[in-house]
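Heads up, data.cif below (mmCIF, C-alpha atoms (C1' of nucleotides)):
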data_protein
loop_
_atom_site.label_atom_id
_atom_site.label_comp_id
_atom_site.auth_asym_id
_atom_site.auth_seq_id
_atom_site.Cartn_x
_atom_site.Cartn_y
_atom_site.Cartn_z
CA MET A 1 45.07 157.68 140.21
CA ASP A 2 47.49 157.85 137.33
CA ILE A 3 50.85 157.43 139.00
CA CYS A 4 51.96 154.82 136.47
CA LYS A 5 50.92 156.99 133.51
CA PHE A 6 53.15 159.84 134.59
CA CYS A 7 56.00 157.67 135.84
CA HIS A 8 59.33 158.65 134.30
CA HIS A 9 60.82 155.21 134.81
CA LYS A 10 58.45 153.02 132.86
CA SER A 11 59.67 149.72 131.56
CA LYS A 12 59.84 149.35 127.79
CA ALA A 13 56.87 147.02 128.13
CA SER A 14 54.65 149.34 130.13
CA GLU A 15 55.23 152.09 127.60
CA LYS A 16 53.01 149.92 125.42
CA LEU A 17 50.13 149.98 127.88
CA ASN A 18 47.18 152.22 127.05
CA ASP A 19 45.71 154.75 129.47
CA SER A 20 43.10 152.44 130.93
CA GLU A 21 45.66 149.68 131.44
CA LEU A 22 48.02 152.14 133.08
CA SER A 23 45.37 153.31 135.49
CA LEU A 24 44.46 149.71 136.24
CA GLN A 25 48.12 149.09 137.03
CA SER A 26 48.23 152.21 139.20
CA GLU A 27 45.36 150.86 141.28
CA ASN A 28 47.04 147.50 141.70
CA CYS A 29 50.56 148.36 142.64
CA ALA A 30 52.50 149.74 145.55
CA GLU A 31 55.86 151.41 145.61
CA TYR A 32 58.49 151.17 148.29
CA ARG A 33 61.88 152.75 148.77
CA PHE A 34 64.62 150.38 149.95
CA LYS A 35 67.80 151.47 151.62
CA LYS A 36 71.23 150.05 150.88
CA GLY A 37 71.42 146.59 152.38
CA ASP A 38 67.66 146.01 152.52
CA ILE A 39 66.41 142.70 151.19
CA ILE A 40 63.81 143.17 148.44
CA ILE A 41 63.21 139.54 147.55
CA ARG A 42 64.02 136.63 149.81
CA GLN A 43 65.11 133.29 148.42
CA GLY A 44 62.65 130.54 149.29
CA ALA A 45 59.68 132.81 149.99
CA LEU A 46 56.54 132.71 147.88
CA SER A 47 56.58 135.11 144.99
CA SER A 48 53.15 136.61 144.62
CA ASN A 49 53.90 139.94 142.93
CA VAL A 50 55.67 141.22 139.90
CA ILE A 51 58.54 143.31 141.17
CA PHE A 52 59.82 146.21 139.15
CA LEU A 53 62.97 148.15 139.99
CA ARG A 54 62.23 151.73 138.97
CA GLU A 55 65.55 153.19 139.95
CA GLY A 56 68.51 152.03 141.95
CA LEU A 57 71.04 149.23 142.06
CA VAL A 58 70.58 145.70 143.40
CA LYS A 59 72.37 142.38 143.56
CA LEU A 60 70.73 139.07 142.68
CA HIS A 61 72.22 136.34 144.80
CA MET A 62 71.58 132.81 145.92
CA THR A 63 72.84 130.51 148.61
CA GLY A 64 75.03 127.78 147.16
CA PRO A 65 76.34 124.61 148.78
CA LEU A 66 79.56 126.36 149.84
CA HIS A 67 78.83 130.05 150.00
CA GLU A 68 76.69 132.90 148.79
CA GLN A 69 76.91 133.48 145.05
CA ILE A 70 76.15 136.81 143.42
CA ILE A 71 74.37 136.04 140.18
CA LYS A 72 74.44 139.54 138.79
CA ILE A 73 74.14 143.23 139.46
CA THR A 74 71.01 144.86 138.07
CA TYR A 75 70.06 148.50 137.68
CA GLY A 76 66.71 150.15 137.15
CA PRO A 77 64.49 150.25 135.25
CA ALA A 78 64.16 146.46 135.15
CA TYR A 79 61.84 143.70 136.25
CA LEU A 80 63.42 141.78 139.10
CA GLY A 81 61.64 138.54 139.67
CA LEU A 82 60.04 137.41 136.44
CA PRO A 83 61.86 134.08 136.30
CA SER A 84 60.67 133.28 139.83
CA THR A 85 57.19 134.73 139.39
CA PHE A 86 56.42 132.93 136.14
CA GLY A 87 58.89 130.05 136.23
CA ASP A 88 57.81 128.78 139.63
CA LYS A 89 55.86 129.67 142.73
CA TYR A 90 58.70 130.69 145.00
CA ASN A 91 61.80 132.85 144.72
CA HIS A 92 64.84 130.92 143.62
CA TYR A 93 67.15 133.79 144.46
CA SER A 94 67.32 136.82 146.71
CA VAL A 95 67.54 140.44 145.66
CA THR A 96 69.22 142.98 147.93
CA ALA A 97 69.57 146.72 147.38
CA ILE A 98 73.20 147.79 147.17
CA GLU A 99 72.17 151.39 146.71
CA GLU A 100 68.94 153.15 147.60
CA SER A 101 66.31 151.70 145.28
CA LEU A 102 62.75 152.53 144.36
CA VAL A 103 60.68 149.42 143.73
CA CYS A 104 57.10 148.83 142.56
CA PHE A 105 55.15 145.73 143.50
CA ILE A 106 52.55 144.96 140.86
CA ASP A 107 49.62 142.66 141.39
CA LEU A 108 50.27 139.42 139.53
CA SER A 109 46.80 138.88 138.08
CA THR A 110 46.68 142.44 136.79
CA PHE A 111 50.05 141.92 135.14
CA ARG A 112 48.80 138.63 133.66
CA THR A 113 45.90 140.34 131.94
CA PHE A 114 48.35 142.70 130.23
CA VAL A 115 50.43 139.74 129.10
CA LYS A 116 47.36 138.04 127.66
CA ASN A 117 45.63 141.05 126.12
CA ASN A 118 48.37 143.36 124.93
CA PRO A 119 50.78 141.80 122.42
CA ASP A 120 53.04 144.85 122.23
CA PHE A 121 53.48 144.73 125.99
CA THR A 122 54.26 141.02 125.91
CA TYR A 123 56.64 141.40 123.00
CA GLN A 124 58.69 144.02 124.87
CA LEU A 125 58.69 141.80 127.91
CA MET A 126 59.97 138.91 125.84
CA ILE A 127 62.77 141.07 124.49
CA GLU A 128 63.82 141.98 128.01
CA LEU A 129 63.87 138.32 129.02
CA CYS A 130 65.89 137.33 125.96
CA VAL A 131 68.42 140.11 126.45
CA ASN A 132 68.82 138.93 130.04
CA GLU A 133 69.32 135.37 128.97
CA LEU A 134 71.97 136.29 126.39
CA ASP A 135 73.72 138.38 129.00
CA SER A 136 73.68 135.50 131.43
CA TYR A 137 75.31 133.20 128.85
CA HIS A 138 78.10 135.70 128.35
CA ARG A 139 78.64 136.11 132.04
CA CYS A 140 78.66 132.36 132.51
CA VAL A 141 81.49 131.97 130.00
CA SER A 142 83.43 134.88 131.48
CA ARG A 143 83.06 133.62 135.00
CA THR A 144 84.28 130.13 134.26
CA GLN A 145 87.09 130.98 131.84
CA LYS A 146 88.60 134.22 133.05
CA GLN A 147 91.19 134.42 135.79
CA VAL A 148 90.70 136.68 138.75
CA SER A 149 92.37 139.68 137.11
CA GLY A 150 90.22 139.32 133.99
CA GLY A 151 86.98 138.99 135.89
CA LEU A 152 87.85 141.88 138.13
CA ALA A 153 88.81 144.10 135.20
CA GLU A 154 85.57 143.22 133.44
CA ASN A 155 83.50 144.21 136.44
CA LEU A 156 85.40 147.43 137.10
CA LEU A 157 84.65 148.40 133.52
CA PHE A 158 81.01 147.40 134.02
CA PHE A 159 80.69 149.70 137.03
CA ALA A 160 82.46 152.57 135.29
CA ASP A 161 80.81 152.34 131.88
CA THR A 162 77.38 150.87 132.51
CA ILE A 163 76.46 151.83 136.05
CA TYR A 164 78.21 155.06 136.98
CA HIS A 165 79.19 156.49 133.58
CA SER A 166 82.40 157.74 135.12
CA ASN A 167 85.96 156.55 135.61
CA LYS A 168 85.68 157.53 139.23
CA PHE A 169 83.19 155.76 141.44
CA GLU A 170 82.64 154.11 144.78
CA LEU A 171 82.38 150.34 144.84
CA PRO A 172 78.95 149.34 146.15
CA LEU A 173 80.27 145.94 147.24
CA ASN A 174 82.92 144.88 149.71
CA ARG A 175 85.83 142.62 148.70
CA GLU A 176 84.10 139.44 149.73
CA GLU A 177 81.02 140.28 147.67
CA ILE A 178 83.16 141.03 144.64
CA GLY A 179 84.76 137.65 145.20
CA ASN A 180 81.33 136.03 145.21
CA LEU A 181 80.55 137.83 141.99
CA ILE A 182 83.67 136.75 140.09
CA ASP A 183 84.34 133.39 141.76
CA ALA A 184 87.37 134.40 143.78
CA SER A 185 88.34 134.62 147.42
CA ARG A 186 88.22 137.98 149.17
CA GLU A 187 92.03 137.80 149.52
CA SER A 188 92.50 137.38 145.78
CA VAL A 189 90.26 140.38 145.13
CA SER A 190 92.29 142.49 147.58
CA ARG A 191 95.55 141.39 146.12
CA THR A 192 94.51 141.86 142.51
CA LEU A 193 93.16 145.34 143.23
CA SER A 194 96.48 146.18 144.89
CA ASN A 195 98.34 144.89 141.85
CA PHE A 196 96.23 147.05 139.53
CA HIS A 197 97.01 149.98 141.79
CA ASP A 198 100.75 149.28 141.83
CA GLU A 199 100.82 148.96 138.06
CA GLY A 200 99.14 152.33 137.66
CA ILE A 201 95.98 150.92 136.10
CA ILE A 202 93.65 152.19 138.79
CA LYS A 203 93.79 154.21 141.96
CA ILE A 204 92.17 152.95 145.15
CA GLU A 205 91.25 154.63 148.38
CA ASN A 206 89.20 152.10 150.28
CA LYS A 207 86.11 151.72 148.12
CA LYS A 208 86.78 154.70 145.87
CA ILE A 209 88.11 153.60 142.51
CA THR A 210 89.61 155.76 139.80
CA ILE A 211 90.37 154.13 136.49
CA ILE A 212 93.60 155.55 135.10
CA ASP A 213 94.53 153.24 132.24
CA LYS A 214 91.26 152.05 130.75
CA GLU A 215 92.87 150.51 127.67
CA ARG A 216 95.01 148.32 129.84
CA LEU A 217 91.97 147.29 131.85
CA ARG A 218 90.16 146.36 128.64
CA LEU A 219 93.06 144.17 127.57
CA ILE A 220 93.14 142.42 130.93
CA SER A 221 89.39 141.94 130.77
CA GLN A 222 89.68 140.39 127.31
CA TYR A 223 92.64 138.14 127.78
CA GLY A 224 92.96 137.63 131.48
"C1'" DG B 1 111.76 120.43 138.26
"C1'" DC B 2 110.02 125.36 137.93
"C1'" DA B 3 106.62 129.01 137.33
"C1'" DT B 4 102.03 130.61 137.76
"C1'" DT B 5 97.68 131.02 139.87
"C1'" DA B 6 94.77 131.08 143.56
"C1'" DA B 7 92.81 129.22 147.91
"C1'" DC B 8 93.27 128.90 152.92
"C1'" DC B 9 95.11 130.52 157.32
"C1'" DA B 10 96.79 133.86 160.38
"C1'" DC B 11 97.50 138.19 162.01
"C1'" DA B 12 97.66 143.31 162.00
"C1'" DG B 13 95.48 147.61 161.45
"C1'" DC C 1 86.37 145.01 156.81
"C1'" DT C 2 91.10 145.01 154.46
"C1'" DG C 3 95.80 144.04 153.17
"C1'" DT C 4 99.71 141.04 153.36
"C1'" DG C 5 102.71 137.17 154.10
"C1'" DG C 6 103.40 132.20 154.37
"C1'" DT C 7 101.91 127.81 152.83
"C1'" DT C 8 99.87 124.42 149.88
"C1'" DA C 9 97.75 122.34 145.76
"C1'" DA C 10 96.86 122.14 140.99
"C1'" DT C 11 98.24 122.92 136.39
"C1'" DG C 12 101.20 123.63 132.52
"C1'" DC C 13 105.55 123.94 130.35
#

I'd like the structure from this file rewritten - as structure tokens, please.
Amino acid sequence: MDICKFCHHKSKASEKLNDSELSLQSENCAEYRFKKGDIIIRQGALSSNVIFLREGLVKLHMTGPLHEQIIKITYGPAYLGLPSTFGDKYNHYSVTAIEESLVCFIDLSTFRTFVKNNPDFTYQLMIELCVNELDSYHRCVSRTQKQVSGGLAENLLFFADTIYHSNKFELPLNREEIGNLIDASRESVSRTLSNFHDEGIIKIENKKITIIDKERLRLISQYG
DNA sequence: GCATTAACCACAG
DNA sequence: CTGTGGTTAATGC
């Protein structure tokens, strides 16, 4: 079985695996297709596998003292639970598919042998972790310092530029979830979206968004 | 004081 | 699940 060898959605790290390692991984993993809304990782449960998002879109979220907090939106290919898998024994956060997602569960001890025996693999893994950490610092600063309009603008640009590569897209989250992502109430999200619409910056029909004035949105994201 | 921002509540589609 | 209006609190001139 060489499903991993011929996979078109390898992680940067697993591109460094040799043929025998790839076939070992093939024998010790299972793939599963999640539908929108399905929970992939549950906060509090034991984490006994390495979980790799091959393709799709998910939200990482955790239950806070007041409400659910969305930590970040992640798209494939990406490892999903490394901080939980290696940082502790249980999942510190949940992962839920917000679009259909193809996920591979990789046996932890198999993965560990790659980490220990293949430096190129480990190096790529380390890069991914560091990029994630840098990104989380940036998002932390944005979240705490930007007002609602700035945070919203930033995330609309993120969906358009990074996720959908189009100025026209359908929001994969409802207003409350966007609020939980940018630290705002669902009412503020509604109102701010309406304001953007009225000012001709975007067009909204329910969850369909069209960005009209991207420059303006960038300015709001920067200064708002 | 006065303006701005945003949360909370209520109510209507 | 959304959008809007009224109200209230905090913050900054």

Pairwise distance for CA of Glu100 in chain A and CA of Phe34 in chain A, rounded to one decimal in Å: 5.6 Å

Taking only C-alpha atoms (C1' of nucleotides) into account, what are the residues of chain B at most 10 Å from chain A, put as a VMD selection string? chain B and resid 5 to 8

Residues of the last selection are to be written out with C-alpha atoms (C1' of nucleotides), as an mmCIF file, in the coordinates of the input.
data_model
loop_
_atom_site.group_PDB
_atom_site.id
_atom_site.type_symbol
_atom_site.label_atom_id
_atom_site.label_comp_id
_atom_site.auth_asym_id
_atom_site.auth_seq_id
_atom_site.Cartn_x
_atom_site.Cartn_y
_atom_site.Cartn_z
ATOM 1 C "C1'" DT B 5 97.680 131.020 139.870
ATOM 2 C "C1'" DA B 6 94.770 131.080 143.560
ATOM 3 C "C1'" DA B 7 92.810 129.220 147.910
ATOM 4 C "C1'" DC B 8 93.270 128.900 152.920
#

Taking all atoms listed in the file into account, report as a PyMOL selection string which residues of chain C lie within 10 Å of chain A. chain C and resi 1-4

Store the residues picked out above, limited to C-alpha atoms (C1' of nucleotides), as a PDB file, in the frame of the given file.
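Result file follows (out37.pdb):
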ATOM      1  C1'  DC C   1      86.370 145.010 156.810  1.00  0.00           C
ATOM      2  C1'  DT C   2      91.100 145.010 154.460  1.00  0.00           C
ATOM      3  C1'  DG C   3      95.800 144.040 153.170  1.00  0.00           C
ATOM      4  C1'  DT C   4      99.710 141.040 153.360  1.00  0.00           C
TER       5       DT C   4
END

Which protein, DNA or RNA residues are at most 12 Å from (106.3, 124.0, 134.4) in the file's coordinates when you count all atoms listed in the file, listed as an MDAnalysis selection string? (chainID B and resid 1:4) or (chainID C and resid 10:13)

Store the residues picked out above, limited to C-alpha atoms (C1' of nucleotides), as an mmCIF file, in the frame of the given file.
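Output saved as selection36.cif:
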data_model
loop_
_atom_site.group_PDB
_atom_site.id
_atom_site.type_symbol
_atom_site.label_atom_id
_atom_site.label_comp_id
_atom_site.auth_asym_id
_atom_site.auth_seq_id
_atom_site.Cartn_x
_atom_site.Cartn_y
_atom_site.Cartn_z
ATOM 1 C "C1'" DG B 1 111.760 120.430 138.260
ATOM 2 C "C1'" DC B 2 110.020 125.360 137.930
ATOM 3 C "C1'" DA B 3 106.620 129.010 137.330
ATOM 4 C "C1'" DT B 4 102.030 130.610 137.760
ATOM 5 C "C1'" DA C 10 96.860 122.140 140.990
ATOM 6 C "C1'" DT C 11 98.240 122.920 136.390
ATOM 7 C "C1'" DG C 12 101.200 123.630 132.520
ATOM 8 C "C1'" DC C 13 105.550 123.940 130.350
#

So what does the PyMOL selection byres ((chain A and resi 62) around 7) actually pick up in this one, as a list in words? Gln43, His61, Thr63, Gly64, Glu68, Gln69, Ile70, Tyr93 and Ser94 of chain A

Using all atoms listed in the file, find all polymer residues with an atom at most 9 Å away from the point (72.9, 155.7, 146.7); report them as JSON, numbers by chain. {"A": [35, 36, 56, 57, 98, 99, 100, 101, 172]}

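Interatomic distance, CA of Cys4 in chain A to CA of Ser26 in chain A: 5.3 Å.
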
Neighbours of DA10 in chain B within 12 Å (only C-alpha atoms (C1' of nucleotides); same-chain residues fewer than 6 positions away dropped), as a ChimeraX atom specification? /C:4-7

Residue subset to file, keeping C-alpha atoms (C1' of nucleotides), as a CSV table (one decimal), keeping the file's coordinate frame:
chain,number,residue,atom,x,y,z
C,4,DT,C1',99.7,141.0,153.4
C,5,DG,C1',102.7,137.2,154.1
C,6,DG,C1',103.4,132.2,154.4
C,7,DT,C1',101.9,127.8,152.8

What residues come out when you apply the PyMOL selection byres ((chain A and resi 47-52) around 6) to this file, written as a ChimeraX atom specification? /A:46,53,78-81,85,89-91,103-108

How about saving the chosen residues, C-alpha atoms kept, as a compact mmCIF listing (two decimals), in the frame of the given file?
# COMPACT_ATOMS: atom_id res chain seq x y z
CA LEU A 46 56.54 132.71 147.88
CA LEU A 53 62.97 148.15 139.99
CA ALA A 78 64.16 146.46 135.15
CA TYR A 79 61.84 143.70 136.25
CA LEU A 80 63.42 141.78 139.10
CA GLY A 81 61.64 138.54 139.67
CA THR A 85 57.19 134.73 139.39
CA LYS A 89 55.86 129.67 142.73
CA TYR A 90 58.70 130.69 145.00
CA ASN A 91 61.80 132.85 144.72
CA VAL A 103 60.68 149.42 143.73
CA CYS A 104 57.10 148.83 142.56
CA PHE A 105 55.15 145.73 143.50
CA ILE A 106 52.55 144.96 140.86
CA ASP A 107 49.62 142.66 141.39
CA LEU A 108 50.27 139.42 139.53

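Residues within 12 Å of Ile71 in chain A, counting all atoms listed in the file and excluding same-chain residues fewer than 5 positions away, are Val58, Lys59, Leu60, His61, Met62, Thr63, Gly64, His92, Tyr93, Ser94, Val95, Thr96, Asn132, Asp135, Ser136, Tyr137, Arg139, Cys140, Arg143, Glu177, Ile178, Gly179, Asn180, Leu181, Ile182 and Asp183 of chain A.
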
As a check of understanding: the span from CA of Phe121 in chain A to CA of Lys16 in chain A is 5.2 Å

Using all atoms listed in the file, which residues sit within 12 Å of Lys12 in chain A once same-chain residues fewer than 3 positions away are excluded, as a JSON list (two decimals) with C-alpha atoms, in the coordinates of the input?
[["chain", "number", "residue", "atom", "x", "y", "z"],
["A", 8, "HIS", "CA", 59.33, 158.65, 134.30],
["A", 9, "HIS", "CA", 60.82, 155.21, 134.81],
["A", 15, "GLU", "CA", 55.23, 152.09, 127.60],
["A", 16, "LYS", "CA", 53.01, 149.92, 125.42],
["A", 17, "LEU", "CA", 50.13, 149.98, 127.88],
["A", 52, "PHE", "CA", 59.82, 146.21, 139.15],
["A", 54, "ARG", "CA", 62.23, 151.73, 138.97],
["A", 76, "GLY", "CA", 66.71, 150.15, 137.15],
["A", 77, "PRO", "CA", 64.49, 150.25, 135.25],
["A", 78, "ALA", "CA", 64.16, 146.46, 135.15],
["A", 79, "TYR", "CA", 61.84, 143.70, 136.25],
["A", 120, "ASP", "CA", 53.04, 144.85, 122.23],
["A", 121, "PHE", "CA", 53.48, 144.73, 125.99],
["A", 122, "THR", "CA", 54.26, 141.02, 125.91],
["A", 123, "TYR", "CA", 56.64, 141.40, 123.00],
["A", 124, "GLN", "CA", 58.69, 144.02, 124.87],
["A", 125, "LEU", "CA", 58.69, 141.80, 127.91],
["A", 126, "MET", "CA", 59.97, 138.91, 125.84],
["A", 127, "ILE", "CA", 62.77, 141.07, 124.49],
["A", 128, "GLU", "CA", 63.82, 141.98, 128.01],
["A", 129, "LEU", "CA", 63.87, 138.32, 129.02]]

Selection under test: the PyMOL selection byres ((chain A and resi 207-215) around 9); residues as an NGL selection string: :A and (156-157 or 160 or 166-174 or 200-206 or 216-220)

Just chain C, please, as a PDB file, in the first residue's frame (only N, CA and C atoms (P, O5', C5', C4', C3', O3' and C1' of nucleotides)).
ATOM      1  P    DC C   1     -28.055  28.988  14.669  1.00  0.00           P
ATOM      2  O5'  DC C   1     -28.736  29.991  13.629  1.00  0.00           O
ATOM      3  C5'  DC C   1     -28.602  29.758  12.257  1.00  0.00           C
ATOM      4  C4'  DC C   1     -28.920  31.042  11.549  1.00  0.00           C
ATOM      5  C3'  DC C   1     -27.953  32.187  11.882  1.00  0.00           C
ATOM      6  O3'  DC C   1     -27.602  32.798  10.644  1.00  0.00           O
ATOM      7  C1'  DC C   1     -30.177  32.902  12.208  1.00  0.00           C
ATOM      8  P    DT C   2     -26.363  33.815  10.567  1.00  0.00           P
ATOM      9  O5'  DT C   2     -27.056  35.154  10.107  1.00  0.00           O
ATOM     10  C5'  DT C   2     -28.329  35.452  10.597  1.00  0.00           C
ATOM     11  C4'  DT C   2     -28.882  36.623   9.838  1.00  0.00           C
ATOM     12  C3'  DT C   2     -28.077  37.916   9.996  1.00  0.00           C
ATOM     13  O3'  DT C   2     -28.220  38.715   8.834  1.00  0.00           O
ATOM     14  C1'  DT C   2     -30.130  38.082  11.170  1.00  0.00           C
ATOM     15  P    DG C   3     -27.498  40.158   8.770  1.00  0.00           P
ATOM     16  O5'  DG C   3     -28.607  41.158   9.285  1.00  0.00           O
ATOM     17  C5'  DG C   3     -29.754  41.363   8.485  1.00  0.00           C
ATOM     18  C4'  DG C   3     -30.567  42.496   9.058  1.00  0.00           C
ATOM     19  C3'  DG C   3     -29.773  43.769   9.361  1.00  0.00           C
ATOM     20  O3'  DG C   3     -30.582  44.868   8.959  1.00  0.00           O
ATOM     21  C1'  DG C   3     -30.833  43.001  11.330  1.00  0.00           C
ATOM     22  P    DT C   4     -29.991  46.360   8.964  1.00  0.00           P
ATOM     23  O5'  DT C   4     -30.835  47.058  10.114  1.00  0.00           O
ATOM     24  C5'  DT C   4     -32.050  46.459  10.489  1.00  0.00           C
ATOM     25  C4'  DT C   4     -32.680  47.216  11.634  1.00  0.00           C
ATOM     26  C3'  DT C   4     -31.973  48.499  12.085  1.00  0.00           C
ATOM     27  O3'  DT C   4     -32.965  49.477  12.355  1.00  0.00           O
ATOM     28  C1'  DT C   4     -32.146  47.002  13.894  1.00  0.00           C
ATOM     29  P    DG C   5     -32.587  51.022  12.607  1.00  0.00           P
ATOM     30  O5'  DG C   5     -33.249  51.265  14.035  1.00  0.00           O
ATOM     31  C5'  DG C   5     -34.546  50.727  14.321  1.00  0.00           C
ATOM     32  C4'  DG C   5     -34.817  50.857  15.807  1.00  0.00           C
ATOM     33  C3'  DG C   5     -34.181  52.097  16.446  1.00  0.00           C
ATOM     34  O3'  DG C   5     -35.081  52.639  17.417  1.00  0.00           O
ATOM     35  C1'  DG C   5     -33.392  50.148  17.516  1.00  0.00           C
ATOM     36  P    DG C   6     -34.741  54.028  18.146  1.00  0.00           P
ATOM     37  O5'  DG C   6     -34.612  53.575  19.670  1.00  0.00           O
ATOM     38  C5'  DG C   6     -35.590  52.707  20.229  1.00  0.00           C
ATOM     39  C4'  DG C   6     -35.167  52.345  21.643  1.00  0.00           C
ATOM     40  C3'  DG C   6     -34.487  53.494  22.395  1.00  0.00           C
ATOM     41  O3'  DG C   6     -34.986  53.537  23.740  1.00  0.00           O
ATOM     42  C1'  DG C   6     -33.047  51.602  22.306  1.00  0.00           C
ATOM     43  P    DT C   7     -34.399  54.602  24.781  1.00  0.00           P
ATOM     44  O5'  DT C   7     -33.317  53.718  25.546  1.00  0.00           O
ATOM     45  C5'  DT C   7     -33.641  52.384  25.901  1.00  0.00           C
ATOM     46  C4'  DT C   7     -32.542  51.825  26.795  1.00  0.00           C
ATOM     47  C3'  DT C   7     -31.826  52.897  27.625  1.00  0.00           C
ATOM     48  O3'  DT C   7     -31.619  52.393  28.939  1.00  0.00           O
ATOM     49  C1'  DT C   7     -30.256  51.721  26.320  1.00  0.00           C
ATOM     50  P    DT C   8     -30.910  53.300  30.067  1.00  0.00           P
ATOM     51  O5'  DT C   8     -29.474  52.625  30.099  1.00  0.00           O
ATOM     52  C5'  DT C   8     -29.354  51.212  30.318  1.00  0.00           C
ATOM     53  C4'  DT C   8     -27.886  50.875  30.413  1.00  0.00           C
ATOM     54  C3'  DT C   8     -27.106  51.900  31.234  1.00  0.00           C
ATOM     55  O3'  DT C   8     -26.212  51.210  32.107  1.00  0.00           O
ATOM     56  C1'  DT C   8     -26.161  51.703  29.074  1.00  0.00           C
ATOM     57  P    DA C   9     -25.393  52.011  33.230  1.00  0.00           P
ATOM     58  O5'  DA C   9     -23.909  51.537  32.915  1.00  0.00           O
ATOM     59  C5'  DA C   9     -23.680  50.373  32.162  1.00  0.00           C
ATOM     60  C4'  DA C   9     -22.208  50.306  31.786  1.00  0.00           C
ATOM     61  C3'  DA C   9     -21.328  51.259  32.596  1.00  0.00           C
ATOM     62  O3'  DA C   9     -20.102  50.617  32.881  1.00  0.00           O
ATOM     63  C1'  DA C   9     -21.232  51.837  30.287  1.00  0.00           C
ATOM     64  P    DA C  10     -18.905  51.360  33.664  1.00  0.00           P
ATOM     65  O5'  DA C  10     -17.897  51.574  32.452  1.00  0.00           O
ATOM     66  C5'  DA C  10     -17.588  50.487  31.593  1.00  0.00           C
ATOM     67  C4'  DA C  10     -16.565  50.930  30.583  1.00  0.00           C
ATOM     68  C3'  DA C  10     -15.479  51.828  31.185  1.00  0.00           C
ATOM     69  O3'  DA C  10     -14.221  51.438  30.645  1.00  0.00           O
ATOM     70  C1'  DA C  10     -16.593  52.970  29.421  1.00  0.00           C
ATOM     71  P    DT C  11     -12.863  52.165  31.167  1.00  0.00           P
ATOM     72  O5'  DT C  11     -12.557  53.132  29.955  1.00  0.00           O
ATOM     73  C5'  DT C  11     -12.721  52.633  28.626  1.00  0.00           C
ATOM     74  C4'  DT C  11     -12.378  53.737  27.653  1.00  0.00           C
ATOM     75  C3'  DT C  11     -11.331  54.719  28.172  1.00  0.00           C
ATOM     76  O3'  DT C  11     -10.328  54.888  27.183  1.00  0.00           O
ATOM     77  C1'  DT C  11     -13.247  55.882  27.415  1.00  0.00           C
ATOM     78  P    DG C  12      -9.004  55.796  27.518  1.00  0.00           P
ATOM     79  O5'  DG C  12      -9.255  57.013  26.512  1.00  0.00           O
ATOM     80  C5'  DG C  12      -9.929  56.781  25.284  1.00  0.00           C
ATOM     81  C4'  DG C  12     -10.096  58.103  24.576  1.00  0.00           C
ATOM     82  C3'  DG C  12      -9.076  59.169  24.974  1.00  0.00           C
ATOM     83  O3'  DG C  12      -8.774  59.979  23.822  1.00  0.00           O
ATOM     84  C1'  DG C  12     -11.222  59.941  25.499  1.00  0.00           C
ATOM     85  P    DC C  13      -7.562  61.068  23.947  1.00  0.00           P
ATOM     86  O5'  DC C  13      -8.285  62.298  24.669  1.00  0.00           O
ATOM     87  C5'  DC C  13      -8.065  63.614  24.176  1.00  0.00           C
ATOM     88  C4'  DC C  13      -9.181  64.007  23.254  1.00  0.00           C
ATOM     89  C3'  DC C  13      -9.333  65.524  23.085  1.00  0.00           C
ATOM     90  O3'  DC C  13      -9.836  65.835  21.800  1.00  0.00           O
ATOM     91  C1'  DC C  13     -11.228  64.654  24.245  1.00  0.00           C
TER      92       DC C  13
END
